[in-house]
Amino acid sequence: MNVFRYLKLQPFDGATPEGRAAERYRLAAWAILANVGSKAASLAVMVLSVSFTLPYLGAQRFGIWMTIASFSGMLTFLGMGVGNALTNLVAKRSAAADLQSVRRTISGGLGLLFLVGLAVAGGLHVLVDWLPWSRLIKVTDPVFLSEAQQTGKIFAILFGLNLFTTGIQSVFAGLQRSFEVHLVSAMGAVLALGALWFAVQEQAGLQELLLATLGVQTAASLTLLVLLVRRGLLTLVRMRFAIQSEASGLLQTGGLFFVLQIGTMVGWGSDALIISSTLGPASVAIYSVAVRLFQFVTQPLAIMNAPLWGAYVDAHAKGDVRFILRTLKASVLLTVGVASLAGLLLFAIGPWVLSYWTQDAIVVPPLLLGLVAVWTVFDSCGAALGMFLNGLHIVRQQVIVVTIFCTLVLPLKILGVGQIGLIAIPLATITVYAVTHVLFYGFVFLPQIRSRLTGISAI
């Protein structure tokens, strides 16, 4: 496939199946190109946030920051799956070329998410005062505990806003215009990098560092609202009606995504909290640095696969099975190959990179590094498969698999960390993930997936 033929400004002719397939690839290609810049800027923020702050924060304060930042992944379920439901619903209605319906869905969905974000921000802000911080992060220093609590309050407000801006990004994904999201994200990352640099010059505390990174990047996403308004896809007129008409459908569709996000939070997002409450924040710093190193593998692959969600939805709505199968095969094979080679390379040079990156402040054991490398391959492949499953709205099966996965992996992680240390986290994750996902997607649910793909209503 010649990728460069799709990097054109004018759309392909949508009157033929070949033209529609080419247009999906064109939009995906531009999304990938824009995402390269976005992720490069985000990776720069990630890399420099470690090398800039770790020397003056120390392992404990840095670990506290990483633990609080990890709450963002843990709490995504509080959006009740509305963002993911928006992606699917907007894509389906866009495929039907019903502008009025698309406008109502976008306006109602974003209005609903704004209200949800306000409620979540208020609830978390109050909850912060009641959390047992000394147990959560296993620190007794009252200064550190007070700083963690104040940082948690700022996080609560930013997270509520982030739920709303994530919904905006979901809308653009459904419109197959993710490249615009990535351009804005790149701008936000560059601004965050500047804010981080100024904060470090003042040796800022955790509150200011959180505002400089998550705060600036979240605020940048709000500029996407201007594009929606200018294109007539978002209106404040009759917003209440739009929310009322769309809320039920979005919450119903998002219900499965909601359960799926809870499972993701339990199975993956709780790692930092498990480590912090068992081994302390210094161990969180070690694990976080190891995981962040391999984001140099997972992020580029996410760049490649993320635009395919909307493309799968559009192709399935128009009955283009050939496009779906060809794209799925190419994405999975390429993902496995790149993740394996890049993961092996990073494992080989990892100790030298980490030594330079952290200025020898953190040493990651080779076994832990190797297990994270192996998990990177599984994680990347699962993400590629997830775009296919989400695009065909095969969500109920994902919920079942994730529920079983979490039921098995969570106790293994909690018990294992106390017995064998940090390596228990990736070891338990890899083992249970391989068994559950191969068993269910390769055998149990395969007939249902095939039926969904061919349009037979077996799901």
# chains A, B, ... in the order shown; residues from 1 in each chain; ligands from 1
$ closest_atom_pairs --of "segment 117-202 of chain A" --to "segment 23-33 of chain A" --cutoff "9 Å" --atoms "only C-alpha atoms" --output "CSV"
residue,atom,partner,partner_atom,distance
A:Gln176,CA,A:Leu27,CA,6.3
A:Arg177,CA,A:Leu27,CA,6.7
A:Ser178,CA,A:Ala31,CA,5.3
A:Phe179,CA,A:Ala31,CA,3.8
A:Glu180,CA,A:Ala31,CA,7.6
A:Val181,CA,A:Ala31,CA,8.5
A:His182,CA,A:Ala31,CA,7.2
$ residues_around --residues "Ala424 of chain A" --least-positions-apart "3" --cutoff "12 Å" --atoms "only C-alpha atoms" --output "ChimeraX atom specification"
/A:271,274-275,287,367-368,371-372,409-421,427-432
$ atom_distance --atom1 "atom CA of Gly152 of chain A" --atom2 "atom CA of His125 of chain A"
7.7 Å
$ residues_around --residues "segment 298-305 of chain A" --least-positions-apart "5" --cutoff "9 Å" --atoms "only C-alpha atoms" --output "MDAnalysis selection string"
chainID A and resid 28:29 31:36 39:40 43 331 334:335 338:339 376:377 379:380 383:384 387
$ write_last_selection --atoms "N, CA and C atoms" --output "mmCIF file, in the first residue's frame"
data_model
loop_
_atom_site.group_PDB
_atom_site.id
_atom_site.type_symbol
_atom_site.label_atom_id
_atom_site.label_comp_id
_atom_site.auth_asym_id
_atom_site.auth_seq_id
_atom_site.Cartn_x
_atom_site.Cartn_y
_atom_site.Cartn_z
ATOM 1 N N ALA A 28 -7.394 8.773 7.786
ATOM 2 C CA ALA A 28 -6.538 8.094 8.755
ATOM 3 C C ALA A 28 -5.080 8.511 8.582
ATOM 4 N N ALA A 29 -4.646 8.656 7.328
ATOM 5 C CA ALA A 29 -3.258 9.032 7.062
ATOM 6 C C ALA A 29 -2.944 10.418 7.613
ATOM 7 N N ALA A 31 -4.586 11.837 10.028
ATOM 8 C CA ALA A 31 -4.647 11.717 11.486
ATOM 9 C C ALA A 31 -3.332 11.174 12.040
ATOM 10 N N ILE A 32 -2.770 10.171 11.356
ATOM 11 C CA ILE A 32 -1.500 9.593 11.794
ATOM 12 C C ILE A 32 -0.390 10.632 11.725
ATOM 13 N N LEU A 33 -0.338 11.379 10.611
ATOM 14 C CA LEU A 33 0.706 12.388 10.444
ATOM 15 C C LEU A 33 0.614 13.464 11.520
ATOM 16 N N ALA A 34 -0.616 13.942 11.774
ATOM 17 C CA ALA A 34 -0.794 14.959 12.810
ATOM 18 C C ALA A 34 -0.484 14.400 14.188
ATOM 19 N N ASN A 35 -0.834 13.122 14.387
ATOM 20 C CA ASN A 35 -0.605 12.496 15.682
ATOM 21 C C ASN A 35 0.878 12.302 15.964
ATOM 22 N N VAL A 36 1.678 12.159 14.889
ATOM 23 C CA VAL A 36 3.122 12.053 15.078
ATOM 24 C C VAL A 36 3.643 13.300 15.771
ATOM 25 N N LYS A 39 2.145 13.405 19.451
ATOM 26 C CA LYS A 39 2.763 12.476 20.392
ATOM 27 C C LYS A 39 4.229 12.808 20.627
ATOM 28 N N ALA A 40 4.897 13.342 19.603
ATOM 29 C CA ALA A 40 6.283 13.759 19.797
ATOM 30 C C ALA A 40 6.363 14.855 20.853
ATOM 31 N N LEU A 43 5.487 13.263 24.241
ATOM 32 C CA LEU A 43 6.617 12.485 24.747
ATOM 33 C C LEU A 43 7.715 13.402 25.278
ATOM 34 N N SER A 331 -3.086 -3.895 10.368
ATOM 35 C CA SER A 331 -2.789 -3.170 11.608
ATOM 36 C C SER A 331 -2.238 -4.099 12.688
ATOM 37 N N LEU A 334 1.394 -5.393 11.634
ATOM 38 C CA LEU A 334 2.369 -4.313 11.754
ATOM 39 C C LEU A 334 2.615 -3.962 13.213
ATOM 40 N N THR A 335 1.552 -3.959 14.012
ATOM 41 C CA THR A 335 1.676 -3.630 15.434
ATOM 42 C C THR A 335 2.544 -4.650 16.161
ATOM 43 N N VAL A 338 6.342 -4.302 14.929
ATOM 44 C CA VAL A 338 7.023 -3.098 15.424
ATOM 45 C C VAL A 338 7.210 -3.160 16.936
ATOM 46 N N ALA A 339 6.166 -3.582 17.665
ATOM 47 C CA ALA A 339 6.253 -3.642 19.126
ATOM 48 C C ALA A 339 7.326 -4.623 19.584
ATOM 49 N N THR A 376 4.476 -4.677 26.721
ATOM 50 C CA THR A 376 4.300 -3.666 25.683
ATOM 51 C C THR A 376 3.778 -4.289 24.394
ATOM 52 N N VAL A 377 4.259 -5.483 24.046
ATOM 53 C CA VAL A 377 3.794 -6.163 22.841
ATOM 54 C C VAL A 377 2.317 -6.547 22.983
ATOM 55 N N ASP A 379 0.088 -5.258 25.046
ATOM 56 C CA ASP A 379 -0.721 -4.050 25.172
ATOM 57 C C ASP A 379 -0.975 -3.412 23.810
ATOM 58 N N SER A 380 0.064 -3.311 23.000
ATOM 59 C CA SER A 380 -0.061 -2.677 21.686
ATOM 60 C C SER A 380 -0.974 -3.482 20.767
ATOM 61 N N ALA A 383 -4.567 -3.062 21.829
ATOM 62 C CA ALA A 383 -5.107 -1.767 21.431
ATOM 63 C C ALA A 383 -5.541 -1.775 19.969
ATOM 64 N N ALA A 384 -4.747 -2.435 19.105
ATOM 65 C CA ALA A 384 -5.109 -2.536 17.690
ATOM 66 C C ALA A 384 -6.406 -3.336 17.520
ATOM 67 N N MET A 387 -9.597 -1.289 18.592
ATOM 68 C CA MET A 387 -10.170 -0.370 17.611
ATOM 69 C C MET A 387 -11.176 -1.090 16.716
#
$ closest_residue --among "A:Gly370, A:Gly109, A:Gly37, A:Gly63" --to "Pro426 of chain A" --atoms "only C-alpha atoms"
A:Gly370
$ residues_around --residues "Tyr441 of chain A" --least-positions-apart "4" --cutoff "12 Å" --atoms "only C-alpha atoms" --output "compact mmCIF listing (two decimals) with C-alpha atoms, in the first residue's frame"
# COMPACT_ATOMS: atom_id res chain seq x y z
CA GLY A 382 -4.69 -5.45 22.27
CA LEU A 385 -7.73 -5.25 18.21
CA GLY A 386 -9.72 -2.89 20.44
CA LEU A 389 -14.00 -4.35 18.30
CA ILE A 394 -18.53 -5.54 19.90
CA GLN A 397 -17.91 -9.38 24.79
CA GLN A 398 -15.12 -7.01 25.80
CA ILE A 400 -17.06 -10.07 29.82
CA VAL A 401 -13.37 -10.58 29.02
CA VAL A 402 -12.24 -7.56 31.05
CA TYR A 433 -4.12 -11.22 29.79
CA ALA A 434 -2.68 -13.89 27.49
CA VAL A 435 -4.93 -16.63 28.85
CA THR A 436 -8.20 -14.66 28.89
CA HIS A 437 -7.82 -12.82 25.60
CA PHE A 445 -16.48 -15.28 20.93
CA LEU A 446 -15.01 -15.88 17.47
CA PRO A 447 -18.30 -17.08 15.90
CA GLN A 448 -20.14 -14.02 17.23
CA ILE A 449 -17.46 -11.67 15.93
CA ARG A 450 -17.68 -13.27 12.51
$ closest_residue --among "A:Asp360, A:Asp314, A:Glu147, A:Asp98" --to "Trp133 of chain A" --atoms "only C-alpha atoms"
A:Glu147
$ atom_distance --atom1 "atom CA of Ile423 of chain A" --atom2 "atom CA of Ile362 of chain A"
15.9 Å
$ closest_residue --among "A:Leu89, A:Cys406, A:Ile243, A:Leu210" --to "Leu392 of chain A" --atoms "only C-alpha atoms"
A:Leu89
$ residues_around --residues "segment 157-165 of chain A" --least-positions-apart "5" --cutoff "6 Å" --atoms "only C-alpha atoms" --output "PyMOL selection string"
chain A and resi 113-114+117-118+120-121+218+221
$ write_last_selection --atoms "C-alpha atoms" --output "short mmCIF file (atom, residue, chain, number, x, y, z; two decimals), in the first residue's frame"
data_model
loop_
_atom_site.label_atom_id
_atom_site.label_comp_id
_atom_site.auth_asym_id
_atom_site.auth_seq_id
_atom_site.Cartn_x
_atom_site.Cartn_y
_atom_site.Cartn_z
CA LEU A 113 -20.58 15.54 29.47
CA PHE A 114 -20.23 19.12 30.68
CA GLY A 117 -17.73 16.90 34.47
CA LEU A 118 -19.08 19.53 36.85
CA VAL A 120 -17.42 14.77 39.09
CA ALA A 121 -15.16 17.76 39.81
CA THR A 218 -6.61 20.13 28.94
CA SER A 221 -8.44 21.13 23.87
#
$ residues_around --residues "Val363 of chain A" --least-positions-apart "4" --cutoff "8 Å" --atoms "only C-alpha atoms" --output "mmCIF file with N, CA and C atoms, in the first residue's frame"
data_model
loop_
_atom_site.group_PDB
_atom_site.id
_atom_site.type_symbol
_atom_site.label_atom_id
_atom_site.label_comp_id
_atom_site.auth_asym_id
_atom_site.auth_seq_id
_atom_site.Cartn_x
_atom_site.Cartn_y
_atom_site.Cartn_z
ATOM 1 N N ILE A 286 9.976 4.122 40.403
ATOM 2 C CA ILE A 286 10.717 3.122 39.621
ATOM 3 C C ILE A 286 9.825 2.507 38.550
ATOM 4 N N PRO A 351 18.875 0.321 30.271
ATOM 5 C CA PRO A 351 19.657 0.765 31.434
ATOM 6 C C PRO A 351 20.465 2.038 31.162
ATOM 7 N N LEU A 354 17.898 5.013 30.867
ATOM 8 C CA LEU A 354 17.353 5.388 32.170
ATOM 9 C C LEU A 354 18.401 6.073 33.038
ATOM 10 N N SER A 355 19.648 5.631 32.943
ATOM 11 C CA SER A 355 20.717 6.263 33.711
ATOM 12 C C SER A 355 20.882 7.721 33.310
#
